[in-house]
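What follows is one structure encoded as structure tokens, with my remarks underneath.
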Amino acid sequence: MTRRLSAIILIILGSACRLLAQEGKTSNVHIGFVYPLSTNGIKAGEYSNKFSVNMLVGVSGSEQGACLSGISAIVKNTASGFVASGFSTHILQGASGVQLAGFLNTINKYSTGFEAAGFANITGGLRGFQAAGFANISTGNIAGMQTAGFINKAGDVNTQAAGFINVARDIKGAQIAGFINVARKVKGVQVAGFINIADSCEYPIGIINIVKNGEKSIGFSVDETLSTLVTFRSGGRKLYGILGAGYNLKSADPLFALEAGMGLHIPLSRYFRINTEAVTMSLADFYEGVYFKSSARALLSMKAGRNLELYLGPTFNWINYSSNIGDGLVDYYIWSSERYSNYYGIYIGATAGVNICF
């Protein structure tokens with residue numbers, strides 16, 4: 001009885017919609033349950049619809065206005081306007097307007113507008129904005145922005161923002177990732193929680209920046225507390241990242257050192273420049289506590305040969321430690337305070353070192 005009633009309803013709706021149909025298999029209204037149970041029937045894939053509602057899965061030739069599907073919408077040609085599906089939308093040609101899906105949007109060719117999916121957007125290219133819970137994957141260029149919870153991948157793109165990784169060919173704006181950015185040519189800024197990789201980029205912001213046309217160096221440094229570090233500096237011609245590890249030679253207790261930060265090259269002449277750096281260093285014995293030092297540096301650097309750089313300069317330091325782990329490292333403070341077994345202080349220090357550049 002229920003099946004007969006459903007069939008009767010579909011026949012009535014089909015007859016009503018065919019009265020509204022235009023030449024060239026254009027339907028003003030398309031209503032369906034699951035293909036081919038719809039007002040356009042088995043030939044639904046040949047119709048261009050102005051308005052579609054599909055209870056489960058709908059198939060159409062093209063969409064010109066709005067298309068709503070409970071599970072999935074499959075459009076064999078193009079879609080313009082608004083397309084929304086509870087699970088997935090699949091457009092086999094191009095699209096314009098808005099495409100929303102609970103899980104997945106796939107558009108085989110170029111699209112314009114806005115795409116959002118709970119899991120992923122996969123397109124042949126886009127002018128507009130993509131947002132996905134996990135991934136945006138484009139086989140072509142993106143004239144706009146990609147933002148994803150985990151990964152973005154495209155050819156040329158204006159801006160990418162991802163929770164973990166961005167991969168692109170050329171970047172005109174910015175790449176921002178929680179862990180790693182990969183690109184060929186970056187005209188703007190790369191910002192990563194850990195690693196940036198590019199052929200050329202003047203403004204990489206990350207701890208490690210592997211820029212083919214940039215600068216990299218391995219060095220040795222020592223400061224006023226006799227914290228000695230082996231350091232790796234990497235970046236573009238202007239901005240660079242700093243990563244170091246070593247040991248403190250002044251403390252009676254064994255203290256291992258780790259350092260990370262960012263720097264900026266300020267050229268003065270062919271052989272001299274000032275390297276301004278902001279770094280954080282921690283000293284720890286891995287048992288009792290940790291000694292934290294945040295420093296701002298102004299280091300006068302001199303090139304001594306093709307690959308050798310010597311530097312020396314003052315530092316402005318803020319320290320915080322507990323469990324007496326930093327007692328005796330510094331004898332003078334501009335300001336200091338002790339609260340609840342935590343020691344705080346501000347003082348002026350110095351750093352010197354040598355870099356081997358490559």
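Note on naming: chains are A, B, ... as they come in the structure tokens, residues start from 1 per chain, ligands start from 1 in the order shown.
The list of residues with at least one atom within 10 Å of Gly32 in chain A, based on only C-alpha atoms and without residues fewer than 6 positions apart in the same chain, reads Leu10, Leu13, Gly14, Ser38, Thr39, Asn40, Gly41, Ala44, Ser52, Val53, Asn54, Met55, Leu56, Val57, Gly58, Val59 and Ser69 of chain A.
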Go ahead and save the residues from that selection, with N, CA and C atoms, as an mmCIF file, in the first residue's frame.
data_model
loop_
_atom_site.group_PDB
_atom_site.id
_atom_site.type_symbol
_atom_site.label_atom_id
_atom_site.label_comp_id
_atom_site.auth_asym_id
_atom_site.auth_seq_id
_atom_site.Cartn_x
_atom_site.Cartn_y
_atom_site.Cartn_z
ATOM 1 N N LEU A 10 4.519 10.202 -6.948
ATOM 2 C CA LEU A 10 5.566 10.550 -7.911
ATOM 3 C C LEU A 10 5.008 10.767 -9.309
ATOM 4 N N LEU A 13 3.327 14.148 -9.225
ATOM 5 C CA LEU A 13 4.334 15.218 -9.232
ATOM 6 C C LEU A 13 5.024 15.304 -10.579
ATOM 7 N N GLY A 14 5.282 14.129 -11.169
ATOM 8 C CA GLY A 14 5.927 14.122 -12.474
ATOM 9 C C GLY A 14 5.075 14.779 -13.525
ATOM 10 N N SER A 38 11.930 9.647 -9.471
ATOM 11 C CA SER A 38 11.828 11.095 -9.404
ATOM 12 C C SER A 38 10.910 11.586 -10.499
ATOM 13 N N THR A 39 10.601 12.836 -10.448
ATOM 14 C CA THR A 39 9.696 13.420 -11.435
ATOM 15 C C THR A 39 10.295 13.441 -12.833
ATOM 16 N N ASN A 40 11.622 13.347 -12.933
ATOM 17 C CA ASN A 40 12.260 13.269 -14.252
ATOM 18 C C ASN A 40 12.581 11.836 -14.652
ATOM 19 N N GLY A 41 12.333 10.915 -13.744
ATOM 20 C CA GLY A 41 12.455 9.511 -14.044
ATOM 21 C C GLY A 41 13.832 9.051 -14.450
ATOM 22 N N ALA A 44 16.530 11.505 -15.781
ATOM 23 C CA ALA A 44 16.865 12.653 -14.924
ATOM 24 C C ALA A 44 18.229 13.233 -15.253
ATOM 25 N N SER A 52 15.692 21.628 -7.368
ATOM 26 C CA SER A 52 15.659 20.187 -7.150
ATOM 27 C C SER A 52 15.636 19.873 -5.664
ATOM 28 N N VAL A 53 14.832 18.876 -5.294
ATOM 29 C CA VAL A 53 14.815 18.346 -3.937
ATOM 30 C C VAL A 53 14.868 16.833 -4.033
ATOM 31 N N ASN A 54 15.894 16.222 -3.428
ATOM 32 C CA ASN A 54 16.064 14.776 -3.458
ATOM 33 C C ASN A 54 16.091 14.250 -2.019
ATOM 34 N N MET A 55 15.187 13.347 -1.690
ATOM 35 C CA MET A 55 15.135 12.816 -0.334
ATOM 36 C C MET A 55 16.420 12.066 0.011
ATOM 37 N N LEU A 56 16.942 11.259 -0.908
ATOM 38 C CA LEU A 56 18.169 10.505 -0.674
ATOM 39 C C LEU A 56 19.241 10.904 -1.690
ATOM 40 N N VAL A 57 19.200 10.310 -2.886
ATOM 41 C CA VAL A 57 20.221 10.569 -3.908
ATOM 42 C C VAL A 57 19.546 11.049 -5.182
ATOM 43 N N GLY A 58 20.055 12.177 -5.708
ATOM 44 C CA GLY A 58 19.503 12.729 -6.929
ATOM 45 C C GLY A 58 20.514 12.782 -8.049
ATOM 46 N N VAL A 59 20.031 12.606 -9.287
ATOM 47 C CA VAL A 59 20.860 12.691 -10.483
ATOM 48 C C VAL A 59 20.250 13.725 -11.411
ATOM 49 N N SER A 69 19.819 17.742 -1.357
ATOM 50 C CA SER A 69 19.779 16.286 -1.321
ATOM 51 C C SER A 69 20.069 15.792 0.087
#
Report task. Excluding Leu258 in chain A and residues on its chain fewer than 4 positions from it, collect all residues at most 12 Å away from it, counting only C-alpha atoms, and give them as a ChimeraX atom specification. Result -> /A:227-232,242-248,279-285,290-294
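Residues of range 22-64 of chain A assigned to helix (DSSP H, G or I) by DSSP on this structure's backbone: Gly41, Ile42, Lys43, Ala44, Gly45 and Glu46 of chain A.
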Requested in this report: Just the strand (DSSP E or B) stuff from range 124-302 of chain A, please, per backbone DSSP, written as an NGL selection string.
Outcome: :A and (126-132 or 135-138 or 142-148 or 151-153 or 157-162 or 165-167 or 170-177 or 180-182 or 185-186 or 189-192 or 195-198 or 200 or 203-205 or 208-211 or 215-223 or 227-235 or 239-248 or 256-267 or 272-284 or 290-302)
Restrict the calculation to only C-alpha atoms, then for each residue of range 144-205 of chain A with any atom at most 10 Å from an atom of range 116-122 of chain A give the closest atom pair and their distance in Å to one decimal, rows by chain and rising residue number, as JSON lines.
{"residue": "A:Gln146", "atom": "CA", "partner": "A:Asn121", "partner_atom": "CA", "distance": 9.7}
{"residue": "A:Thr147", "atom": "CA", "partner": "A:Ala116", "partner_atom": "CA", "distance": 9.7}
{"residue": "A:Ala148", "atom": "CA", "partner": "A:Ala120", "partner_atom": "CA", "distance": 8.3}
{"residue": "A:Gly149", "atom": "CA", "partner": "A:Phe119", "partner_atom": "CA", "distance": 8.8}
{"residue": "A:Phe150", "atom": "CA", "partner": "A:Phe119", "partner_atom": "CA", "distance": 9.8}
{"residue": "A:Ile151", "atom": "CA", "partner": "A:Ala120", "partner_atom": "CA", "distance": 9.5}
{"residue": "A:Asn152", "atom": "CA", "partner": "A:Asn121", "partner_atom": "CA", "distance": 9.6}
{"residue": "A:Lys153", "atom": "CA", "partner": "A:Ile122", "partner_atom": "CA", "distance": 9.6}
**Report entry** Two-atom distance - CA of Arg339 in chain A, CA of Asn324 in chain A (Å)
**Finding:** 12.5 Å
Query raised in the report: Do you know which residues are at most 9 Å from range 185-201 of chain A counting only C-alpha atoms, after dropping those on the same chain fewer than 2 positions away, and could you put them as a PyMOL selection string?
Result: chain A and resi 164-165+168-183+203-214+235-237
May I have the selected residues written with C-alpha atoms, as a compact mmCIF listing (two decimals), in the first residue's frame?
# COMPACT_ATOMS: atom_id res chain seq x y z
CA PHE A 164 49.20 20.49 9.55
CA ILE A 165 50.51 20.89 5.98
CA ALA A 168 51.50 24.39 -3.52
CA ARG A 169 53.51 25.48 -6.55
CA ASP A 170 53.51 29.30 -6.39
CA ILE A 171 52.11 31.38 -3.51
CA LYS A 172 51.03 34.97 -4.15
CA GLY A 173 49.86 35.70 -0.61
CA ALA A 174 50.60 33.53 2.42
CA GLN A 175 50.98 29.94 3.55
CA ILE A 176 50.05 29.23 7.16
CA ALA A 177 50.35 25.75 8.64
CA GLY A 178 50.58 24.19 12.07
CA PHE A 179 53.55 22.04 11.05
CA ILE A 180 54.87 22.32 7.46
CA ASN A 181 54.52 24.41 4.28
CA VAL A 182 55.82 23.26 0.89
CA ALA A 183 55.91 25.57 -2.16
CA TYR A 203 59.74 35.97 4.66
CA PRO A 204 59.59 32.42 6.02
CA ILE A 205 58.40 32.29 9.64
CA GLY A 206 59.25 28.93 11.17
CA ILE A 207 61.85 27.13 13.25
CA ILE A 208 63.36 25.41 10.18
CA ASN A 209 63.17 27.11 6.76
CA ILE A 210 64.66 25.25 3.81
CA VAL A 211 64.76 27.93 1.11
CA LYS A 212 66.75 27.01 -2.00
CA ASN A 213 67.72 30.61 -2.75
CA GLY A 214 68.02 31.59 0.92
CA GLY A 235 65.61 31.07 6.02
CA GLY A 236 65.45 33.69 3.28
CA ARG A 237 67.62 36.72 2.72
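Candidate residues A:Glu309, A:Glu63, A:Glu338, A:Glu288 were compared for distance to Phe220 in chain A, and the nearest is A:Glu309, using only C-alpha atoms.
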Residue contacts of Ile74 in chain A (9 Å, only C-alpha atoms) excluding same-chain residues fewer than 3 positions away, as an mmCIF file with C-alpha atoms, in the first residue's frame:
data_model
loop_
_atom_site.group_PDB
_atom_site.id
_atom_site.type_symbol
_atom_site.label_atom_id
_atom_site.label_comp_id
_atom_site.auth_asym_id
_atom_site.auth_seq_id
_atom_site.Cartn_x
_atom_site.Cartn_y
_atom_site.Cartn_z
ATOM 1 C CA GLY A 45 20.497 12.847 -16.028
ATOM 2 C CA VAL A 57 20.221 10.569 -3.908
ATOM 3 C CA GLY A 58 19.503 12.729 -6.929
ATOM 4 C CA VAL A 59 20.860 12.691 -10.483
ATOM 5 C CA SER A 60 20.602 15.565 -12.942
ATOM 6 C CA GLY A 61 22.153 16.898 -16.121
ATOM 7 C CA SER A 88 28.381 14.348 -0.732
ATOM 8 C CA THR A 89 28.068 16.448 -3.867
ATOM 9 C CA HIS A 90 29.565 15.331 -7.199
ATOM 10 C CA ILE A 91 29.664 17.764 -10.136
ATOM 11 C CA LEU A 92 31.287 16.243 -13.209
#
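The list of residues with at least one atom within 10 Å of Tyr332 in chain A, based on only C-alpha atoms and without residues fewer than 4 positions apart in the same chain, reads A:Gly328, A:Ser336, A:Gly345, A:Ile346, A:Tyr347, A:Ile348, A:Gly349.
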Would you output that residue set with N, CA and C atoms, as an mmCIF file, in the first residue's frame?
data_model
loop_
_atom_site.group_PDB
_atom_site.id
_atom_site.type_symbol
_atom_site.label_atom_id
_atom_site.label_comp_id
_atom_site.auth_asym_id
_atom_site.auth_seq_id
_atom_site.Cartn_x
_atom_site.Cartn_y
_atom_site.Cartn_z
ATOM 1 N N GLY A 328 73.018 31.017 40.694
ATOM 2 C CA GLY A 328 74.422 31.230 40.391
ATOM 3 C C GLY A 328 74.744 31.432 38.933
ATOM 4 N N SER A 336 64.431 41.774 39.805
ATOM 5 C CA SER A 336 64.230 40.365 40.140
ATOM 6 C C SER A 336 63.158 40.238 41.200
ATOM 7 N N GLY A 345 63.579 37.295 36.750
ATOM 8 C CA GLY A 345 64.594 38.329 36.667
ATOM 9 C C GLY A 345 64.748 38.893 35.265
ATOM 10 N N ILE A 346 65.270 40.138 35.204
ATOM 11 C CA ILE A 346 65.583 40.804 33.940
ATOM 12 C C ILE A 346 67.025 41.289 34.032
ATOM 13 N N TYR A 347 67.823 41.038 32.990
ATOM 14 C CA TYR A 347 69.215 41.474 33.027
ATOM 15 C C TYR A 347 69.743 41.636 31.597
ATOM 16 N N ILE A 348 70.897 42.284 31.487
ATOM 17 C CA ILE A 348 71.594 42.474 30.209
ATOM 18 C C ILE A 348 72.742 41.472 30.114
ATOM 19 N N GLY A 349 72.833 40.792 28.987
ATOM 20 C CA GLY A 349 73.891 39.814 28.787
ATOM 21 C C GLY A 349 74.574 39.997 27.452
#
Query - Contacts of Gly128 in chain A at 7 Å (only C-alpha atoms; same-chain gap of 4+ positions) as a ChimeraX atom specification - result: /A:112-114,143-145
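CA of Asp253 in chain A is positioned 8.1 Å from CA of Ile325 in chain A.
Closest approach to Leu300 in chain A from the set A:Lys250, A:Lys109, A:His265, A:Arg233 is made by A:His265, with distances taken over only C-alpha atoms.
You will find CA of Leu226 in chain A at 10.6 Å from CA of Ala352 in chain A.
Counting only C-alpha atoms and comparing A:Phe272, A:Phe256, A:Arg306, A:Asn342, the residue that lies closest to Phe286 in chain A is A:Phe256.
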Query raised in the report: So which one's closest to Tyr311 in chain A, A:Gly289, A:Phe103, A:Arg273, A:Leu268? Using only C-alpha atoms, please.
Result: A:Arg273
